[in-house]
Amino acid sequence: MTTLQNLPADRLPDLLRGMPKAELHIHIEGSLEPELIFRMAQRNGLTLPYASVDDLRRAYAFTNLQSFLDIYYAGASVLLTEQDFYDMAWAYLERAKADHVVHAEIFFDPQTHTARGVSMQTVIQGLHRACEAARGALGVEATLILCFLRHLSEQDAFETLEQALPFRDQFIGVGLDSSELGHPPEKFAKVFARCRELGLRLVAHAGEEGPPAYVWSALDVLHVERIDHGVQSIQDPELMKRLARDRVPLTVCPLSNLKLCVFPRLADHNLRQLLDAGLAATVNSDDPAYFGGYMNANFTETFAATGLTTAHAYQLARNSFEASFVDAAAKAAYIERLDTFFATFQ
Ligand code: HPA
Ligand code: ZN
């Protein structure tokens with residue numbers, strides 16, 4: 001496998017944009033662009049507390065995770081019908097294709113919707129139909145991961161799981177998101193144990209703003225297979241050794257980390273240290289409509305700011321496929337496609 005060591009620096013952005021990649025950390029509600037929020041509000045007869053698209057966009061100035069979540073949940077409140085969920089997912093999948101994302105594992109937050117009286121069926125079927133359509137129409141493979149909101153109770157998560165089980169074949173796993181500090185993974189030990197028994201794949205946000213202890217408990221109490229974010233792991237050398245030894249994937253989201261002030265500047269991001277320590281880090285967009293960029297913007301801006309190389313580009317794309325929840329044959333096919341891209345890029 002060539003890693004194009006002699007590639008002229010000005011060709012690196014095209015390599016990053018064109019390489020096939022998987023996205024493993026995208027909240028579908030975070031892909032809802034302001035224009036779509038306004039269109040859906042209008043067709044659903046809702047009034048928004050913002051006068052215009054520009055007015056709403058101006059509110060996207062965040063100081064931490066919670067300041068973002070407050071606006072993100074308000075934006076999601078325009079989603080009412082199955083068509084709304086379909087349209088939101090379809091818009092994301094078209095963007096994914098444009099960025100050469102060939103495989104996406106998409107988070108959704110059902111409690112944000114069921115709490116407003118929207119049925120689980122409306123949510124899941126709208127999203128699932130879009131994923132199904134994308135395979136043929138866009139050549140993008142997409143699956144769904146149901147996330148529990150960690151600021152709510154474990155009982156609420158159990159009730160959400162019950163409501164979702166009639167649609168068990170329409171999502172592949174569960175995750176844990178929303179306000180991290182004060183809501184450690186172990187709060188959800190029982191519901192994750194149940195999901196594990198059901199054969200669902202397990203992931204959790206940990207170490208975005210929270211301490212390394214939350215990454216440890218996501219691994220050792222919840223038994224997750226991937227850590228979403230995980231950038232705070234760098235504070236704990238023992239944890240770094242564990243993550244490297246077990247090749248636990250981290251779904252890192254650089255522009256999200258910048259916008260939520262996890263790092264003061266993109267140049268200060270620790271992606272390179274994570275990779276160089278042997279961790280299976282990946283690049284993802286998290287909430288692209290809110291954080292200023294989809295996949296390719298995350299790649300090109302982070303590489304420009306931190307001086308990552310073509311070898312890192314290959315490693316990140318390869319990690320994204322290796323960390324994905326597909327079978328060994330599908331993984332090998334994705335990696336072969338990646339290798340062909342690198343072998344023929346000029
Ligand atoms: N962290 C936690 N919860 C979230 C995020 C995030 O980055 N995005 C959407 N929900
Ligand atoms: Zn996230």
# chains A, B, ... in the order shown; residues from 1 in each chain; ligands from 1
>>> residues_around(residues="Val326 of chain A", least_positions_apart="5", cutoff="12 Å", atoms="only C-alpha atoms", output="list in words")
Ala22, Leu24, His103, Ala104, Glu105, Glu141, Ala142, Thr143, Ile172, Gly173, Arg201, Ser320, Phe321, Lys331, Ala332, Ala333 and Tyr334 of chain A
>>> write_last_selection(atoms="C-alpha atoms", output="compact mmCIF listing (two decimals), in the first residue's frame")
# COMPACT_ATOMS: atom_id res chain seq x y z
CA ALA A 22 -17.02 6.00 6.67
CA LEU A 24 -19.43 6.88 12.43
CA HIS A 103 -20.80 4.19 4.69
CA ALA A 104 -22.57 6.04 7.52
CA GLU A 105 -23.71 4.85 10.95
CA GLU A 141 -24.73 2.42 2.83
CA ALA A 142 -26.39 3.82 5.95
CA THR A 143 -27.58 2.29 9.21
CA ILE A 172 -28.09 -1.78 14.62
CA GLY A 173 -27.10 -0.46 18.01
CA ARG A 201 -23.94 -2.92 19.02
CA SER A 320 -13.16 4.39 9.80
CA PHE A 321 -13.84 1.16 7.92
CA LYS A 331 -14.82 -4.32 5.67
CA ALA A 332 -12.30 -5.96 3.35
CA ALA A 333 -14.19 -4.65 0.32
CA TYR A 334 -14.18 -1.09 1.69
>>> residues_near_ligand(ligand="ligand 2", cutoff="8 Å", atoms="only C-alpha atoms and all ligand atoms", output="number ranges by chain")
A: 25-27, 177-178, 205, 228-229, 253, 286-287
>>> write_last_selection(atoms="C-alpha atoms", output="PDB file, in the first residue's frame")
ATOM      1  CA  HIS A  25     -20.387   9.905  14.521  1.00  0.00           C
ATOM      2  CA  ILE A  26     -23.169  11.984  13.030  1.00  0.00           C
ATOM      3  CA  HIS A  27     -26.309  13.016  14.944  1.00  0.00           C
ATOM      4  CA  ASP A 177     -25.339  11.290  24.188  1.00  0.00           C
ATOM      5  CA  SER A 178     -26.426  14.715  25.509  1.00  0.00           C
ATOM      6  CA  HIS A 205     -20.040   9.478  24.135  1.00  0.00           C
ATOM      7  CA  ASP A 228     -17.516   8.762  20.764  1.00  0.00           C
ATOM      8  CA  HIS A 229     -15.105  11.710  21.108  1.00  0.00           C
ATOM      9  CA  CYS A 253     -15.030  15.314  15.728  1.00  0.00           C
ATOM     10  CA  ASP A 286     -20.938  15.218  14.850  1.00  0.00           C
ATOM     11  CA  ASP A 287     -23.491  17.997  14.141  1.00  0.00           C
TER      12      ASP A 287
END
>>> residues_near_ligand(ligand="ligand 1", cutoff="10 Å", atoms="only C-alpha atoms and all ligand atoms", output="PyMOL selection string")
chain A and resi 25-31+64-66+68-69+72-73+107-109+147-151+176-180+204-209+228-229+252-253+256-257+260+285-288+290-291
>>> closest_residue(among="A:Ala267, A:Leu48, A:Val224, A:Leu181", to="Leu308 of chain A", atoms="only C-alpha atoms")
A:Ala267
>>> closest_residue(among="A:Phe38, A:Tyr50, A:Tyr60, A:Tyr86", to="Gly292 of chain A", atoms="only C-alpha atoms")
A:Tyr60
>>> closest_residue(among="A:Val203, A:Ile145, A:Ala328, A:Ala280", to="Arg245 of chain A", atoms="only C-alpha atoms")
A:Ala280
>>> closest_residue(among="A:His113, A:Asp276, A:Leu93, A:Arg58", to="Val78 of chain A", atoms="only C-alpha atoms")
A:His113
>>> residues_around(residues="segment 339-342 of chain A", least_positions_apart="6", cutoff="12 Å", atoms="only C-alpha atoms", output="compact mmCIF listing (two decimals) with all heavy atoms, in the first residue's frame")
# COMPACT_ATOMS: atom_id res chain seq x y z
N MET A 1 0.84 -1.20 0.00
CA MET A 1 0.00 0.00 0.00
C MET A 1 0.88 1.25 0.00
O MET A 1 1.69 1.44 0.90
CB MET A 1 -0.85 -0.01 1.28
CG MET A 1 -2.29 0.41 1.14
SD MET A 1 -2.53 1.98 0.33
CE MET A 1 -1.59 3.05 1.38
N THR A 2 0.70 2.06 -1.02
CA THR A 2 1.43 3.34 -1.02
C THR A 2 0.70 4.35 -0.13
O THR A 2 -0.52 4.37 -0.08
CB THR A 2 1.56 3.91 -2.44
OG1 THR A 2 2.05 5.24 -2.32
CG2 THR A 2 0.23 3.96 -3.15
N THR A 3 1.46 5.15 0.59
CA THR A 3 0.83 6.25 1.33
C THR A 3 1.21 7.58 0.71
O THR A 3 1.13 8.62 1.33
CB THR A 3 1.19 6.21 2.82
OG1 THR A 3 2.60 6.06 2.92
CG2 THR A 3 0.48 5.09 3.53
N LEU A 4 1.66 7.54 -0.56
CA LEU A 4 1.88 8.75 -1.34
C LEU A 4 2.78 9.75 -0.63
O LEU A 4 2.45 10.92 -0.50
CB LEU A 4 0.52 9.41 -1.63
CG LEU A 4 -0.45 8.59 -2.49
CD1 LEU A 4 -1.83 9.24 -2.50
CD2 LEU A 4 0.06 8.48 -3.91
N GLN A 5 3.94 9.25 -0.18
CA GLN A 5 4.80 10.13 0.60
C GLN A 5 5.30 11.35 -0.18
O GLN A 5 5.63 12.36 0.39
CB GLN A 5 6.00 9.35 1.13
CG GLN A 5 5.66 8.77 2.49
CD GLN A 5 6.52 7.59 2.86
OE1 GLN A 5 7.47 7.28 2.16
NE2 GLN A 5 6.17 6.92 3.93
N LEU A 7 3.57 13.08 -2.40
CA LEU A 7 2.47 13.88 -2.93
C LEU A 7 2.73 15.37 -2.64
O LEU A 7 3.03 15.73 -1.50
CB LEU A 7 1.16 13.46 -2.26
CG LEU A 7 -0.11 14.08 -2.84
CD1 LEU A 7 -0.47 13.41 -4.17
CD2 LEU A 7 -1.27 13.94 -1.86
N LEU A 12 -2.96 17.48 -1.26
CA LEU A 12 -3.50 16.79 -0.08
C LEU A 12 -5.01 17.05 0.12
O LEU A 12 -5.76 16.09 0.35
CB LEU A 12 -2.69 17.15 1.18
CG LEU A 12 -3.10 16.49 2.49
CD1 LEU A 12 -3.11 14.96 2.40
CD2 LEU A 12 -2.18 16.93 3.64
N ASP A 14 -7.32 17.51 -2.07
CA ASP A 14 -8.08 16.69 -3.03
C ASP A 14 -8.05 15.21 -2.64
O ASP A 14 -9.03 14.49 -2.84
CB ASP A 14 -7.53 16.86 -4.45
CG ASP A 14 -8.03 18.16 -5.08
OD1 ASP A 14 -9.06 18.69 -4.61
OD2 ASP A 14 -7.37 18.64 -6.03
N LEU A 15 -6.92 14.78 -2.13
CA LEU A 15 -6.83 13.39 -1.65
C LEU A 15 -7.83 13.17 -0.51
O LEU A 15 -8.57 12.18 -0.51
CB LEU A 15 -5.40 13.11 -1.15
CG LEU A 15 -5.18 11.72 -0.58
CD1 LEU A 15 -4.85 10.73 -1.71
CD2 LEU A 15 -4.05 11.71 0.46
N LEU A 16 -7.86 14.10 0.44
CA LEU A 16 -8.76 13.98 1.59
C LEU A 16 -10.22 13.98 1.15
O LEU A 16 -11.03 13.21 1.65
CB LEU A 16 -8.52 15.13 2.57
CG LEU A 16 -7.15 15.13 3.25
CD1 LEU A 16 -6.91 16.47 3.94
CD2 LEU A 16 -7.06 13.99 4.26
N ARG A 17 -10.53 14.87 0.19
CA ARG A 17 -11.92 14.98 -0.25
C ARG A 17 -12.36 13.75 -1.02
O ARG A 17 -13.47 13.26 -0.86
CB ARG A 17 -12.10 16.24 -1.12
CG ARG A 17 -12.14 17.53 -0.30
CD ARG A 17 -12.56 18.72 -1.15
NE ARG A 17 -11.43 19.26 -1.89
CZ ARG A 17 -10.74 20.35 -1.53
NH1 ARG A 17 -11.08 21.02 -0.46
NH2 ARG A 17 -9.72 20.75 -2.26
N GLY A 18 -11.47 13.23 -1.85
CA GLY A 18 -11.87 12.15 -2.76
C GLY A 18 -11.79 10.76 -2.17
O GLY A 18 -12.39 9.82 -2.70
N MET A 19 -11.05 10.60 -1.07
CA MET A 19 -10.87 9.22 -0.57
C MET A 19 -12.19 8.69 -0.01
O MET A 19 -12.94 9.43 0.64
CB MET A 19 -9.75 9.15 0.49
CG MET A 19 -10.04 9.84 1.78
SD MET A 19 -8.59 9.79 2.87
CE MET A 19 -9.28 10.58 4.33
N PRO A 20 -12.48 7.40 -0.26
CA PRO A 20 -13.68 6.82 0.33
C PRO A 20 -13.51 6.73 1.84
O PRO A 20 -12.41 6.47 2.33
CB PRO A 20 -13.76 5.43 -0.31
CG PRO A 20 -12.39 5.12 -0.78
CD PRO A 20 -11.71 6.43 -1.06
N LYS A 21 -14.60 6.97 2.56
CA LYS A 21 -14.51 7.04 4.03
C LYS A 21 -15.84 6.64 4.65
O LYS A 21 -16.88 6.66 3.97
CB LYS A 21 -14.11 8.46 4.45
CG LYS A 21 -14.97 9.52 3.81
CD LYS A 21 -14.51 10.97 4.10
CE LYS A 21 -13.36 11.52 3.32
NZ LYS A 21 -13.67 11.86 1.91
N HIS A 100 -17.79 11.82 -0.45
CA HIS A 100 -17.24 10.47 -0.63
C HIS A 100 -17.33 9.63 0.64
O HIS A 100 -16.46 8.80 0.90
CB HIS A 100 -15.82 10.53 -1.21
CG HIS A 100 -15.79 11.17 -2.57
ND1 HIS A 100 -15.89 10.47 -3.73
CD2 HIS A 100 -15.73 12.47 -2.92
CE1 HIS A 100 -15.89 11.31 -4.76
NE2 HIS A 100 -15.79 12.53 -4.30
N THR A 310 -0.18 12.52 4.44
CA THR A 310 -0.93 11.54 3.62
C THR A 310 -1.01 10.18 4.33
O THR A 310 -2.00 9.48 4.18
CB THR A 310 -0.27 11.34 2.25
OG1 THR A 310 1.09 10.99 2.45
CG2 THR A 310 -0.36 12.59 1.42
N ALA A 311 0.02 9.84 5.08
CA ALA A 311 -0.03 8.56 5.82
C ALA A 311 -1.15 8.60 6.87
O ALA A 311 -1.85 7.62 7.09
CB ALA A 311 1.32 8.27 6.48
N ALA A 313 -3.82 10.40 6.55
CA ALA A 313 -5.09 10.37 5.80
C ALA A 313 -5.50 8.92 5.55
O ALA A 313 -6.66 8.54 5.79
CB ALA A 313 -4.94 11.12 4.48
N TYR A 314 -4.55 8.13 5.07
CA TYR A 314 -4.85 6.71 4.82
C TYR A 314 -5.28 6.02 6.12
O TYR A 314 -6.28 5.29 6.15
CB TYR A 314 -3.64 6.00 4.22
CG TYR A 314 -3.90 4.52 4.03
CD1 TYR A 314 -4.65 4.07 2.94
CD2 TYR A 314 -3.46 3.58 4.97
CE1 TYR A 314 -4.94 2.72 2.79
CE2 TYR A 314 -3.75 2.23 4.82
CZ TYR A 314 -4.49 1.80 3.73
OH TYR A 314 -4.79 0.48 3.58
N GLN A 315 -4.53 6.27 7.19
CA GLN A 315 -4.83 5.60 8.46
C GLN A 315 -6.23 5.96 8.95
O GLN A 315 -6.98 5.11 9.43
CB GLN A 315 -3.78 5.99 9.51
CG GLN A 315 -3.85 5.15 10.77
CD GLN A 315 -3.51 3.68 10.51
OE1 GLN A 315 -2.44 3.39 9.99
NE2 GLN A 315 -4.43 2.78 10.83
N ALA A 317 -8.88 6.99 7.19
CA ALA A 317 -9.92 6.37 6.36
C ALA A 317 -10.00 4.88 6.66
O ALA A 317 -11.08 4.30 6.81
CB ALA A 317 -9.66 6.63 4.89
N ARG A 318 -8.84 4.26 6.77
CA ARG A 318 -8.81 2.82 7.07
C ARG A 318 -9.44 2.53 8.44
O ARG A 318 -10.23 1.59 8.59
CB ARG A 318 -7.37 2.31 7.02
CG ARG A 318 -7.32 0.82 7.17
CD ARG A 318 -5.92 0.27 6.96
NE ARG A 318 -5.98 -1.13 7.27
CZ ARG A 318 -5.66 -2.11 6.43
NH1 ARG A 318 -5.19 -1.84 5.24
NH2 ARG A 318 -5.79 -3.37 6.80
N PHE A 321 -13.23 2.42 8.39
CA PHE A 321 -13.84 1.16 7.92
C PHE A 321 -13.63 0.05 8.94
O PHE A 321 -14.53 -0.74 9.22
CB PHE A 321 -13.26 0.76 6.56
CG PHE A 321 -13.61 1.73 5.47
CD1 PHE A 321 -12.64 2.34 4.70
CD2 PHE A 321 -14.95 2.06 5.23
CE1 PHE A 321 -12.97 3.25 3.70
CE2 PHE A 321 -15.29 2.97 4.24
CZ PHE A 321 -14.30 3.57 3.47
N ALA A 332 -13.40 -5.70 4.29
CA ALA A 332 -12.30 -5.96 3.35
C ALA A 332 -12.58 -5.27 2.02
O ALA A 332 -11.66 -4.71 1.39
CB ALA A 332 -12.12 -7.46 3.16
N ALA A 333 -13.84 -5.28 1.60
CA ALA A 333 -14.19 -4.65 0.32
C ALA A 333 -14.00 -3.13 0.40
O ALA A 333 -13.49 -2.51 -0.54
CB ALA A 333 -15.63 -4.99 -0.06
>>> atom_distance(atom1="atom CA of Gly126 of chain A", atom2="atom CA of Leu200 of chain A")
20.6 Å
>>> residues_around(residues="Glu301 of chain A", least_positions_apart="2", cutoff="9 Å", atoms="only C-alpha atoms", output="PyMOL selection string")
chain A and resi 13+254-255+266+296-299+303-306
>>> select_by_dssp(residues="segment 21-126 of chain A", states="helix (DSSP H, G or I)", output="PyMOL selection string")
chain A and resi 28-31+34-43+53-58+65-76+82-98+110-114+120-126
>>> atom_distance(atom1="atom CA of Gln125 of chain A", atom2="atom CA of Gln155 of chain A")
24.0 Å
>>> closest_residue(among="A:Lys97, A:Arg272, A:His223, A:His183", to="Thr309 of chain A", atoms="only C-alpha atoms")
A:Arg272
>>> select_by_dssp(residues="segment 85-253 of chain A", states="strand (DSSP E)", output="number ranges by chain")
A: 101-108, 141-149, 173-177, 201-206, 226-229, 249-252
>>> atom_distance(atom1="atom CA of Trp90 of chain A", atom2="atom CA of Ser67 of chain A")
27.1 Å
>>> closest_residue(among="A:Arg95, A:Asp268, A:Glu162, A:Thr122", to="Val140 of chain A", atoms="only C-alpha atoms")
A:Arg95
